[in-house]
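**Student:** Handing you a structure now.
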Amino acid sequence: MSAIVARLPNPNINLAAWGGVVFPLALIIESPIIMLLAASTALSKDWDSYVKLRRYMMWASGVLTALHILVAFTPLYDLVVVRLIDPPIEIVEPARIGLRLMIPWTWSIAYRRFNQGVLIRFGHSNAVGIGTVIRLSADGLVLAYGLVRGDLAGIVVATLAISFGVVSEAIYAGIRVRPVIRDQLKVAPRVEEPLTLRSFSSFYIPLALTSLLTLLTLPIGSAALSRMPMALESLAVWPGVGGLIFMLRSLGVAYNEVAVALLDEPLAMNSLRRFAWYLVAGTTILLFLVAGTDLSTFWLGRVSALAPALVDISRKALWFALLLPGLNALLSWFQALILHSRRTRGITEAVVVSLCTTGLVLILGVTWGRTTGLYVGWTAFSLGALTQSLWLWRRSRPAVNVLILKDKAWTAA
């Protein structure tokens, strides 16, 4: 997407509008439903639990979509964007258009993540991969159309592509999950402890707060970058650098639901923990190779089509994010352990620690005012992820002890 937008008119403005305003705001609005994938994977074990989770999904996604519409079409936009984020003035109106075109985003994300959790729980994780291919294909068709036309604003092409993609994947997930619900979920034995409003709230509210606080760092980061040197340039390359880093981080992100589903298996913990460390080493080495070789120049300059000056600051920024892919794998592993124990408060605590760390570094960067915002931003996110990982490690110890006892009992039996 960044590569296509960079080849359309006014690339810096449109990339900055997407990465600095539209994407962070869209994510923060949908944040309460992002953890539906983990919740559905962990809790959709029988028909009764599924129905109750589906009811929450529909209610929450409807309310959040209404909030998205209010921000995009009322003076609330000026309050949030102009006054709080305070981006360069030239990206304010393009971002407004982009946010309006992203209205289908929240409901589609909620619906497909909820159903994907069911697919993962009942052993159909390959369907999640197929859904991703469908989404990317829809993205690609819209982006290709925009590139061929060549006269559409990049923010319009980008947000239309994202919207078509998530809607397409949501439709596929809804169709694909039907036989799983009919043949596996409905006939699954009832869980010993039925899901109640109180038990669901104690499980999910910390997760919702976790995603909200986690994604709050994005608009905070945009606001900080807007107040540091090279603001427009930093916001323009933010989505390109972030996309490259997230491709490696995604391996660790995906591991959360995998570990949640497989920790129910006897003697699985040691193998899952070993694989998590393989992910840490592998993704860190991959980013090191990209940052330290001409691969970064090829990707950022040739593929993403950034201007030479932007390629230079983007390459340097990769070094400040070197630990992030590996830390994501650790975060997923520790979170999976805590999710398995259903005592999710520690996850929220860890995000608060991360948010405080990230915010402190960004405040120091704004106060100092002499360092390119892009470098300060990735340093802040990296240190935030590090402190979050350390806190999660501490809070996951009781869950590990319980699993060790279960494995010993299984071995003895």
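Labels used: A, B, ... for chains in the order of the structure tokens, numbers from 1 for residues in each chain, and numbers from 1 for ligands as shown.
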What lies within 10 Å of Gly140 of chain A using only C-alpha atoms, ignoring chain neighbours under 3 positions off, as a list in words?
**Tutor:**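 Close residues of Gly140 of chain A: Met1, Ile4, Ile134, Arg135, Leu136, Ser137, Leu143, Ala144, Tyr145, Gly146, Ala161, Ile162, Phe164 and Gly165 of chain A.
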**Student:** Need to verify the contact set: Ser382 of chain A, 8 Å, only C-alpha atoms, exclusion of same-chain residues closer than 6 positions in sequence. Can you return it as a PDB file with N, CA and C atoms, in the first residue's frame?
**Tutor:**
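Result file out_37.pdb:
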ATOM      1  N   PHE A 320      16.731   1.310  15.376  1.00  0.00           N
ATOM      2  CA  PHE A 320      16.075   1.643  16.638  1.00  0.00           C
ATOM      3  C   PHE A 320      14.916   0.695  16.940  1.00  0.00           C
ATOM      4  N   ALA A 321      14.512  -0.095  15.933  1.00  0.00           N
ATOM      5  CA  ALA A 321      13.411  -1.053  16.115  1.00  0.00           C
ATOM      6  C   ALA A 321      13.905  -2.491  16.073  1.00  0.00           C
ATOM      7  N   LEU A 322      15.199  -2.704  16.206  1.00  0.00           N
ATOM      8  CA  LEU A 322      15.780  -4.030  15.997  1.00  0.00           C
ATOM      9  C   LEU A 322      15.204  -5.090  16.930  1.00  0.00           C
ATOM     10  N   LEU A 323      14.868  -4.726  18.151  1.00  0.00           N
ATOM     11  CA  LEU A 323      14.397  -5.710  19.129  1.00  0.00           C
ATOM     12  C   LEU A 323      12.909  -6.029  19.001  1.00  0.00           C
ATOM     13  N   LEU A 324      12.159  -5.229  18.255  1.00  0.00           N
ATOM     14  CA  LEU A 324      10.706  -5.358  18.270  1.00  0.00           C
ATOM     15  C   LEU A 324      10.172  -6.706  17.779  1.00  0.00           C
TER      16      LEU A 324
END
**Student:** Listing only residues of segment 312-346 of chain A within 10 Å of segment 258-271 of chain A, what is the closest atom pair and its distance in Å (to one decimal) for each, using only C-alpha atoms, sorted by chain and residue number ascending, as JSON lines?
**Tutor:**
{"residue": "A:Ser332", "atom": "CA", "partner": "A:Ala259", "partner_atom": "CA", "distance": 8.0}
{"residue": "A:Trp333", "atom": "CA", "partner": "A:Ala259", "partner_atom": "CA", "distance": 6.8}
{"residue": "A:Phe334", "atom": "CA", "partner": "A:Ala259", "partner_atom": "CA", "distance": 9.5}
{"residue": "A:Gln335", "atom": "CA", "partner": "A:Val260", "partner_atom": "CA", "distance": 8.6}
{"residue": "A:Ala336", "atom": "CA", "partner": "A:Val260", "partner_atom": "CA", "distance": 5.0}
{"residue": "A:Leu337", "atom": "CA", "partner": "A:Val260", "partner_atom": "CA", "distance": 7.2}
{"residue": "A:Ile338", "atom": "CA", "partner": "A:Val260", "partner_atom": "CA", "distance": 9.1}
{"residue": "A:Leu339", "atom": "CA", "partner": "A:Val260", "partner_atom": "CA", "distance": 6.9}
{"residue": "A:His340", "atom": "CA", "partner": "A:Val260", "partner_atom": "CA", "distance": 6.1}
{"residue": "A:Ser341", "atom": "CA", "partner": "A:Val260", "partner_atom": "CA", "distance": 9.9}
**Student:** Given the selection you just returned, output its residues as a file containing N, CA and C atoms, formatted as a CSV table (one decimal), in the first residue's frame.
**Tutor:**
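Generated file (selection-v1.csv):
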chain,number,residue,atom,x,y,z
A,332,SER,N,3.7,-12.5,23.0
A,332,SER,CA,2.7,-13.5,22.6
A,332,SER,C,2.7,-14.7,23.5
A,333,TRP,N,4.0,-15.2,23.8
A,333,TRP,CA,4.1,-16.4,24.6
A,333,TRP,C,3.7,-16.1,26.0
A,334,PHE,N,4.1,-15.0,26.6
A,334,PHE,CA,3.7,-14.7,28.0
A,334,PHE,C,2.2,-14.5,28.1
A,335,GLN,N,1.7,-13.7,27.1
A,335,GLN,CA,0.3,-13.5,27.1
A,335,GLN,C,-0.6,-14.7,27.0
A,336,ALA,N,-0.1,-15.7,26.2
A,336,ALA,CA,-0.8,-16.9,26.0
A,336,ALA,C,-0.9,-17.7,27.3
A,337,LEU,N,0.2,-17.7,28.1
A,337,LEU,CA,0.2,-18.4,29.4
A,337,LEU,C,-0.8,-17.7,30.3
A,338,ILE,N,-0.8,-16.4,30.3
A,338,ILE,CA,-1.8,-15.7,31.2
A,338,ILE,C,-3.2,-15.9,30.7
A,339,LEU,N,-3.5,-15.9,29.4
A,339,LEU,CA,-4.8,-16.1,28.9
A,339,LEU,C,-5.3,-17.5,29.2
A,340,HIS,N,-4.3,-18.5,29.2
A,340,HIS,CA,-4.7,-19.9,29.5
A,340,HIS,C,-5.2,-20.0,30.9
A,341,SER,N,-4.6,-19.2,31.8
A,341,SER,CA,-5.0,-19.2,33.2
A,341,SER,C,-6.2,-18.4,33.5
**Student:** Would you work out the distance separating atom CA of Gly292 of chain A from atom CA of Gly373 of chain A, expressed in Å to one decimal?
**Tutor:**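 For atom CA of Gly292 of chain A relative to atom CA of Gly373 of chain A, the distance reads 21.4 Å.
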**Student:** Looking at only C-alpha atoms, which of A:Ala329, A:Ala6, A:Leu306, A:Ala231 is the one that sits closest to Thr371 of chain A?
**Tutor:**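 Nearest to Thr371 of chain A: A:Ala231.
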**Student:** Quick one: pull the distance between atom CA of Thr214 of chain A and atom CA of Val82 of chain A, Å, one decimal.
**Tutor:**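 These two atoms are separated by 22.1 Å.
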**Student:** Against segment 88-106 of chain A, which residues of segment 151-264 of chain A fall within 12 Å? For each one I want the closest pair of atoms and the distance in Å (one decimal), counting only C-alpha atoms, rows by chain and increasing residue number, as JSON lines.
**Tutor:**
{"residue": "A:Leu152", "atom": "CA", "partner": "A:Pro94", "partner_atom": "CA", "distance": 11.8}
{"residue": "A:Ala153", "atom": "CA", "partner": "A:Pro94", "partner_atom": "CA", "distance": 8.4}
{"residue": "A:Gly154", "atom": "CA", "partner": "A:Pro94", "partner_atom": "CA", "distance": 9.1}
{"residue": "A:Ile155", "atom": "CA", "partner": "A:Gly98", "partner_atom": "CA", "distance": 5.7}
{"residue": "A:Val156", "atom": "CA", "partner": "A:Gly98", "partner_atom": "CA", "distance": 5.9}
{"residue": "A:Val157", "atom": "CA", "partner": "A:Gly98", "partner_atom": "CA", "distance": 8.9}
{"residue": "A:Ala158", "atom": "CA", "partner": "A:Gly98", "partner_atom": "CA", "distance": 8.0}
{"residue": "A:Thr159", "atom": "CA", "partner": "A:Gly98", "partner_atom": "CA", "distance": 5.7}
{"residue": "A:Leu160", "atom": "CA", "partner": "A:Leu101", "partner_atom": "CA", "distance": 6.2}
{"residue": "A:Ala161", "atom": "CA", "partner": "A:Met102", "partner_atom": "CA", "distance": 9.5}
{"residue": "A:Ile162", "atom": "CA", "partner": "A:Met102", "partner_atom": "CA", "distance": 7.5}
{"residue": "A:Ser163", "atom": "CA", "partner": "A:Met102", "partner_atom": "CA", "distance": 5.8}
{"residue": "A:Phe164", "atom": "CA", "partner": "A:Pro104", "partner_atom": "CA", "distance": 8.5}
{"residue": "A:Gly165", "atom": "CA", "partner": "A:Trp105", "partner_atom": "CA", "distance": 9.2}
{"residue": "A:Val166", "atom": "CA", "partner": "A:Trp105", "partner_atom": "CA", "distance": 6.5}
{"residue": "A:Val167", "atom": "CA", "partner": "A:Pro104", "partner_atom": "CA", "distance": 7.1}
{"residue": "A:Ser168", "atom": "CA", "partner": "A:Pro104", "partner_atom": "CA", "distance": 10.8}
{"residue": "A:Glu169", "atom": "CA", "partner": "A:Trp105", "partner_atom": "CA", "distance": 11.1}
{"residue": "A:Ala170", "atom": "CA", "partner": "A:Trp105", "partner_atom": "CA", "distance": 10.1}
{"residue": "A:Ser222", "atom": "CA", "partner": "A:Pro88", "partner_atom": "CA", "distance": 10.6}
{"residue": "A:Ala223", "atom": "CA", "partner": "A:Pro88", "partner_atom": "CA", "distance": 10.1}
{"residue": "A:Ala224", "atom": "CA", "partner": "A:Pro88", "partner_atom": "CA", "distance": 11.9}
{"residue": "A:Leu225", "atom": "CA", "partner": "A:Pro88", "partner_atom": "CA", "distance": 10.2}
{"residue": "A:Ser226", "atom": "CA", "partner": "A:Pro88", "partner_atom": "CA", "distance": 6.8}
{"residue": "A:Arg227", "atom": "CA", "partner": "A:Pro88", "partner_atom": "CA", "distance": 9.3}
{"residue": "A:Met228", "atom": "CA", "partner": "A:Pro88", "partner_atom": "CA", "distance": 11.3}
{"residue": "A:Pro229", "atom": "CA", "partner": "A:Pro88", "partner_atom": "CA", "distance": 11.9}
{"residue": "A:Met230", "atom": "CA", "partner": "A:Pro88", "partner_atom": "CA", "distance": 10.6}
{"residue": "A:Ala231", "atom": "CA", "partner": "A:Pro88", "partner_atom": "CA", "distance": 7.5}
{"residue": "A:Leu232", "atom": "CA", "partner": "A:Pro88", "partner_atom": "CA", "distance": 6.6}
{"residue": "A:Glu233", "atom": "CA", "partner": "A:Pro88", "partner_atom": "CA", "distance": 10.4}
{"residue": "A:Ser234", "atom": "CA", "partner": "A:Pro88", "partner_atom": "CA", "distance": 11.2}
{"residue": "A:Leu235", "atom": "CA", "partner": "A:Pro88", "partner_atom": "CA", "distance": 9.4}
{"residue": "A:Ala236", "atom": "CA", "partner": "A:Ile91", "partner_atom": "CA", "distance": 10.2}
**Student:** Just to be explicit: take each residue in the selection above, keep N, CA and C atoms, and write the result as a CSV table (one decimal), in the first residue's frame.
**Tutor:**
chain,number,residue,atom,x,y,z
A,152,LEU,N,-6.0,9.6,-8.8
A,152,LEU,CA,-6.7,9.6,-7.5
A,152,LEU,C,-5.7,9.9,-6.4
A,153,ALA,N,-6.2,10.5,-5.3
A,153,ALA,CA,-5.4,10.8,-4.2
A,153,ALA,C,-4.9,9.5,-3.5
A,154,GLY,N,-3.7,9.4,-3.1
A,154,GLY,CA,-3.2,8.2,-2.5
A,154,GLY,C,-4.0,7.8,-1.2
A,155,ILE,N,-4.5,8.7,-0.5
A,155,ILE,CA,-5.2,8.4,0.7
A,155,ILE,C,-6.6,7.8,0.4
A,156,VAL,N,-7.2,8.2,-0.7
A,156,VAL,CA,-8.4,7.5,-1.2
A,156,VAL,C,-8.2,6.1,-1.7
A,157,VAL,N,-7.1,5.9,-2.4
A,157,VAL,CA,-6.8,4.6,-2.9
A,157,VAL,C,-6.5,3.7,-1.7
A,158,ALA,N,-5.7,4.1,-0.8
A,158,ALA,CA,-5.3,3.3,0.3
A,158,ALA,C,-6.4,2.9,1.2
A,159,THR,N,-7.3,3.8,1.6
A,159,THR,CA,-8.4,3.5,2.5
A,159,THR,C,-9.5,2.7,1.8
A,160,LEU,N,-9.7,2.9,0.5
A,160,LEU,CA,-10.7,2.1,-0.2
A,160,LEU,C,-10.1,0.6,-0.2
A,161,ALA,N,-8.8,0.5,-0.5
A,161,ALA,CA,-8.2,-0.8,-0.6
A,161,ALA,C,-8.4,-1.6,0.8
A,162,ILE,N,-8.1,-0.9,1.9
A,162,ILE,CA,-8.2,-1.5,3.2
A,162,ILE,C,-9.6,-1.9,3.5
A,163,SER,N,-10.6,-1.0,3.2
A,163,SER,CA,-12.0,-1.3,3.4
A,163,SER,C,-12.5,-2.5,2.6
A,164,PHE,N,-12.2,-2.5,1.3
A,164,PHE,CA,-12.6,-3.7,0.5
A,164,PHE,C,-11.9,-4.9,1.0
A,165,GLY,N,-10.7,-4.8,1.5
A,165,GLY,CA,-10.0,-6.0,1.9
A,165,GLY,C,-10.6,-6.6,3.2
A,166,VAL,N,-10.9,-5.8,4.2
A,166,VAL,CA,-11.4,-6.3,5.4
A,166,VAL,C,-12.8,-6.8,5.3
A,167,VAL,N,-13.6,-6.2,4.4
A,167,VAL,CA,-15.0,-6.7,4.2
A,167,VAL,C,-14.9,-8.0,3.5
A,168,SER,N,-14.0,-8.2,2.5
A,168,SER,CA,-13.9,-9.4,1.8
A,168,SER,C,-13.5,-10.6,2.7
A,169,GLU,N,-12.6,-10.3,3.6
A,169,GLU,CA,-12.1,-11.3,4.5
A,169,GLU,C,-13.2,-11.7,5.5
A,170,ALA,N,-14.0,-10.7,6.0
A,170,ALA,CA,-15.1,-10.9,6.9
A,170,ALA,C,-16.1,-11.8,6.3
A,222,SER,N,2.1,9.8,16.9
A,222,SER,CA,1.9,10.7,15.9
A,222,SER,C,1.9,12.2,16.4
A,223,ALA,N,1.3,12.4,17.6
A,223,ALA,CA,1.3,13.7,18.2
A,223,ALA,C,2.7,14.1,18.5
A,224,ALA,N,3.5,13.2,19.0
A,224,ALA,CA,4.9,13.5,19.4
A,224,ALA,C,5.8,13.8,18.2
A,225,LEU,N,5.6,12.9,17.1
A,225,LEU,CA,6.4,13.1,15.9
A,225,LEU,C,6.0,14.5,15.3
A,226,SER,N,4.8,14.9,15.4
A,226,SER,CA,4.4,16.2,14.8
A,226,SER,C,5.0,17.3,15.5
A,227,ARG,N,5.6,17.1,16.7
A,227,ARG,CA,6.2,18.2,17.5
A,227,ARG,C,7.7,18.1,17.6
A,228,MET,N,8.3,17.2,16.8
A,228,MET,CA,9.7,17.0,16.7
A,228,MET,C,10.3,17.4,15.4
A,229,PRO,N,11.6,17.5,15.2
A,229,PRO,CA,12.2,17.8,13.9
A,229,PRO,C,11.8,16.9,12.8
A,230,MET,N,11.7,17.4,11.6
A,230,MET,CA,11.4,16.6,10.4
A,230,MET,C,10.0,15.9,10.6
A,231,ALA,N,9.0,16.7,11.0
A,231,ALA,CA,7.7,16.1,11.3
A,231,ALA,C,7.0,15.4,10.1
A,232,LEU,N,7.0,16.2,9.0
A,232,LEU,CA,6.3,15.6,7.8
A,232,LEU,C,7.0,14.4,7.3
A,233,GLU,N,8.3,14.5,7.2
A,233,GLU,CA,9.1,13.4,6.7
A,233,GLU,C,9.0,12.1,7.6
A,234,SER,N,9.0,12.3,8.9
A,234,SER,CA,8.8,11.2,9.9
A,234,SER,C,7.5,10.6,9.7
A,235,LEU,N,6.4,11.4,9.6
A,235,LEU,CA,5.1,10.8,9.5
A,235,LEU,C,4.9,10.1,8.1
A,236,ALA,N,5.6,10.7,7.1
A,236,ALA,CA,5.5,10.1,5.7
A,236,ALA,C,6.1,8.7,5.7
**Student:** From a DSSP calculation on the backbone, collect every residue of segment 10-127 of chain A in alpha helix (DSSP H) and output the set as a PDB file with C-alpha atoms, in the first residue's frame.
**Tutor:**
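Once written, states.pdb looks like this:
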ATOM      1  CA  PRO A  11       3.084  11.020  -1.822  1.00  0.00           C
ATOM      2  CA  ASN A  12       4.532  12.600   1.320  1.00  0.00           C
ATOM      3  CA  ILE A  13       1.239  14.251   2.266  1.00  0.00           C
ATOM      4  CA  ASN A  14      -0.861  11.155   1.617  1.00  0.00           C
ATOM      5  CA  LEU A  15       1.541   8.771   3.345  1.00  0.00           C
ATOM      6  CA  ALA A  16       1.668  11.089   6.353  1.00  0.00           C
ATOM      7  CA  ALA A  17      -2.143  11.373   6.413  1.00  0.00           C
ATOM      8  CA  PHE A  23      -4.514   4.367  10.695  1.00  0.00           C
ATOM      9  CA  PRO A  24      -3.815   5.295  14.349  1.00  0.00           C
ATOM     10  CA  LEU A  25      -7.353   6.657  14.807  1.00  0.00           C
ATOM     11  CA  ALA A  26      -9.009   3.680  13.103  1.00  0.00           C
ATOM     12  CA  LEU A  27      -7.047   1.325  15.326  1.00  0.00           C
ATOM     13  CA  ILE A  28      -7.792   3.180  18.541  1.00  0.00           C
ATOM     14  CA  ILE A  29     -11.538   3.177  17.747  1.00  0.00           C
ATOM     15  CA  GLU A  30     -11.581  -0.571  17.092  1.00  0.00           C
ATOM     16  CA  SER A  31      -9.258  -1.418  19.984  1.00  0.00           C
ATOM     17  CA  PRO A  32     -11.941  -2.872  22.332  1.00  0.00           C
ATOM     18  CA  ILE A  33     -12.709  -5.636  19.821  1.00  0.00           C
ATOM     19  CA  ILE A  34      -9.182  -6.487  18.665  1.00  0.00           C
ATOM     20  CA  LEU A  36     -11.838 -10.956  20.201  1.00  0.00           C
ATOM     21  CA  LEU A  37      -9.518 -13.302  18.321  1.00  0.00           C
ATOM     22  CA  ALA A  38      -7.794 -14.358  21.533  1.00  0.00           C
ATOM     23  CA  ALA A  39     -11.076 -14.420  23.483  1.00  0.00           C
ATOM     24  CA  SER A  40     -12.884 -16.481  20.869  1.00  0.00           C
ATOM     25  CA  THR A  41      -9.975 -18.911  20.602  1.00  0.00           C
ATOM     26  CA  ALA A  42      -9.901 -19.362  24.371  1.00  0.00           C
ATOM     27  CA  LEU A  43     -13.639 -19.364  25.155  1.00  0.00           C
ATOM     28  CA  TRP A  47     -22.496 -23.480  21.740  1.00  0.00           C
ATOM     29  CA  ASP A  48     -23.596 -21.480  24.783  1.00  0.00           C
ATOM     30  CA  SER A  49     -20.268 -19.670  25.067  1.00  0.00           C
ATOM     31  CA  TYR A  50     -20.243 -18.976  21.325  1.00  0.00           C
ATOM     32  CA  VAL A  51     -23.695 -17.367  21.393  1.00  0.00           C
ATOM     33  CA  LYS A  52     -22.767 -15.106  24.295  1.00  0.00           C
ATOM     34  CA  LEU A  53     -19.525 -14.040  22.636  1.00  0.00           C
ATOM     35  CA  ARG A  54     -21.340 -13.373  19.346  1.00  0.00           C
ATOM     36  CA  ARG A  55     -23.827 -11.137  21.152  1.00  0.00           C
ATOM     37  CA  TYR A  56     -20.989  -9.058  22.608  1.00  0.00           C
ATOM     38  CA  MET A  57     -19.259  -8.864  19.217  1.00  0.00           C
ATOM     39  CA  MET A  58     -22.339  -7.481  17.473  1.00  0.00           C
ATOM     40  CA  TRP A  59     -23.107  -4.978  20.205  1.00  0.00           C
ATOM     41  CA  ALA A  60     -19.554  -3.706  20.630  1.00  0.00           C
ATOM     42  CA  SER A  61     -18.792  -3.420  16.916  1.00  0.00           C
ATOM     43  CA  GLY A  62     -22.034  -1.480  16.338  1.00  0.00           C
ATOM     44  CA  VAL A  63     -21.245   1.046  19.071  1.00  0.00           C
ATOM     45  CA  LEU A  64     -17.656   1.494  17.871  1.00  0.00           C
ATOM     46  CA  THR A  65     -18.748   1.954  14.249  1.00  0.00           C
ATOM     47  CA  ALA A  66     -21.096   4.711  15.413  1.00  0.00           C
ATOM     48  CA  LEU A  67     -18.165   6.336  17.221  1.00  0.00           C
ATOM     49  CA  HIS A  68     -16.075   6.124  14.035  1.00  0.00           C
ATOM     50  CA  ILE A  69     -18.841   7.903  12.101  1.00  0.00           C
ATOM     51  CA  LEU A  70     -19.039  10.645  14.727  1.00  0.00           C
ATOM     52  CA  VAL A  71     -15.296  11.281  14.571  1.00  0.00           C
ATOM     53  CA  ALA A  72     -15.227  11.264  10.762  1.00  0.00           C
ATOM     54  CA  PHE A  73     -18.290  13.449  10.084  1.00  0.00           C
ATOM     55  CA  LEU A  76     -15.175  15.858  16.918  1.00  0.00           C
ATOM     56  CA  TYR A  77     -12.588  15.297  14.172  1.00  0.00           C
ATOM     57  CA  VAL A  92      -5.611  17.356   7.981  1.00  0.00           C
ATOM     58  CA  GLU A  93      -8.177  17.321   5.153  1.00  0.00           C
ATOM     59  CA  PRO A  94      -6.778  14.277   3.288  1.00  0.00           C
ATOM     60  CA  ALA A  95      -6.902  12.386   6.584  1.00  0.00           C
ATOM     61  CA  ARG A  96     -10.542  13.408   7.102  1.00  0.00           C
ATOM     62  CA  ILE A  97     -11.456  11.878   3.725  1.00  0.00           C
ATOM     63  CA  GLY A  98      -9.516   8.721   4.501  1.00  0.00           C
ATOM     64  CA  LEU A  99     -11.199   8.238   7.871  1.00  0.00           C
ATOM     65  CA  ARG A 100     -14.627   8.509   6.244  1.00  0.00           C
ATOM     66  CA  LEU A 101     -13.734   5.805   3.728  1.00  0.00           C
ATOM     67  CA  TRP A 105     -13.292  -1.284   9.122  1.00  0.00           C
ATOM     68  CA  THR A 106     -14.383  -1.838  12.741  1.00  0.00           C
ATOM     69  CA  TRP A 107     -17.374  -4.115  12.208  1.00  0.00           C
ATOM     70  CA  SER A 108     -15.527  -6.191   9.610  1.00  0.00           C
ATOM     71  CA  ILE A 109     -12.531  -6.661  11.905  1.00  0.00           C
ATOM     72  CA  ALA A 110     -14.750  -7.680  14.839  1.00  0.00           C
ATOM     73  CA  TYR A 111     -16.775 -10.161  12.795  1.00  0.00           C
ATOM     74  CA  ARG A 112     -13.838 -11.902  11.145  1.00  0.00           C
ATOM     75  CA  ARG A 113     -11.640 -12.047  14.282  1.00  0.00           C
ATOM     76  CA  PHE A 114     -14.487 -13.557  16.277  1.00  0.00           C
ATOM     77  CA  ASN A 115     -15.080 -16.251  13.644  1.00  0.00           C
ATOM     78  CA  GLN A 116     -11.376 -16.857  13.129  1.00  0.00           C
ATOM     79  CA  GLY A 117     -11.094 -17.659  16.828  1.00  0.00           C
ATOM     80  CA  VAL A 118     -13.673 -20.423  16.359  1.00  0.00           C
ATOM     81  CA  LEU A 119     -11.768 -21.748  13.350  1.00  0.00           C
ATOM     82  CA  ILE A 120      -8.511 -21.849  15.306  1.00  0.00           C
ATOM     83  CA  ARG A 121     -10.165 -23.458  18.361  1.00  0.00           C
ATOM     84  CA  SER A 125      -6.213 -22.338  11.303  1.00  0.00           C
ATOM     85  CA  ASN A 126      -5.435 -22.873   7.598  1.00  0.00           C
ATOM     86  CA  ALA A 127      -8.704 -21.047   6.864  1.00  0.00           C
TER      87      ALA A 127
END
**Student:** By how many Å are atom CA of Leu374 of chain A and atom CA of Gln388 of chain A apart?
**Tutor:**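 Answer for the atom CA of Leu374 of chain A to atom CA of Gln388 of chain A separation: 21.2 Å.
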**Student:** Would you mind listing what lies within 12 Å of Tyr278 of chain A as number ranges by chain, with only C-alpha atoms counted and same-chain residues fewer than 6 positions away left out?
**Tutor:** A: 251-252, 255, 271-272, 284-285, 325-327, 329-330, 333
**Student:** Choose the residue, out of A:Leu364, A:Val177, A:Val241, A:Ala208, that has the smallest atom-to-atom separation from Leu300 of chain A; count only C-alpha atoms.
**Tutor:**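 Closest to Leu300 of chain A of all the choices is A:Val241.
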**Student:** Ranking A:Gln184, A:Asn256, A:Thr74, A:Thr358 by minimum distance to Thr217 of chain A and counting only C-alpha atoms, which one comes first?
**Tutor:**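 Distance minimum relative to Thr217 of chain A lands on A:Thr358.
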**Student:** Quick one: everything within 9 Å of Ser202 of chain A, counting only C-alpha atoms, minus sequence neighbours fewer than 4 positions away in the same chain. Send it as a list of chain:residue names.
**Tutor:** A:Leu197, A:Arg198, A:Pro206, A:Arg342, A:Arg343, A:Thr344, A:Arg345
**Student:** Can you spit out the residues from that selection as a PDB file, in the first residue's frame, using C-alpha atoms?
**Tutor:**
ATOM      1  CA  LEU A 197     -21.405 -12.068  32.213  1.00  0.00           C
ATOM      2  CA  ARG A 198     -19.263 -11.795  35.322  1.00  0.00           C
ATOM      3  CA  PRO A 206      -8.532  -6.415  30.954  1.00  0.00           C
ATOM      4  CA  ARG A 342      -7.902 -16.798  32.609  1.00  0.00           C
ATOM      5  CA  ARG A 343      -6.332 -14.279  35.000  1.00  0.00           C
ATOM      6  CA  THR A 344      -5.807 -11.531  32.479  1.00  0.00           C
ATOM      7  CA  ARG A 345      -5.194  -8.573  34.761  1.00  0.00           C
TER       8      ARG A 345
END
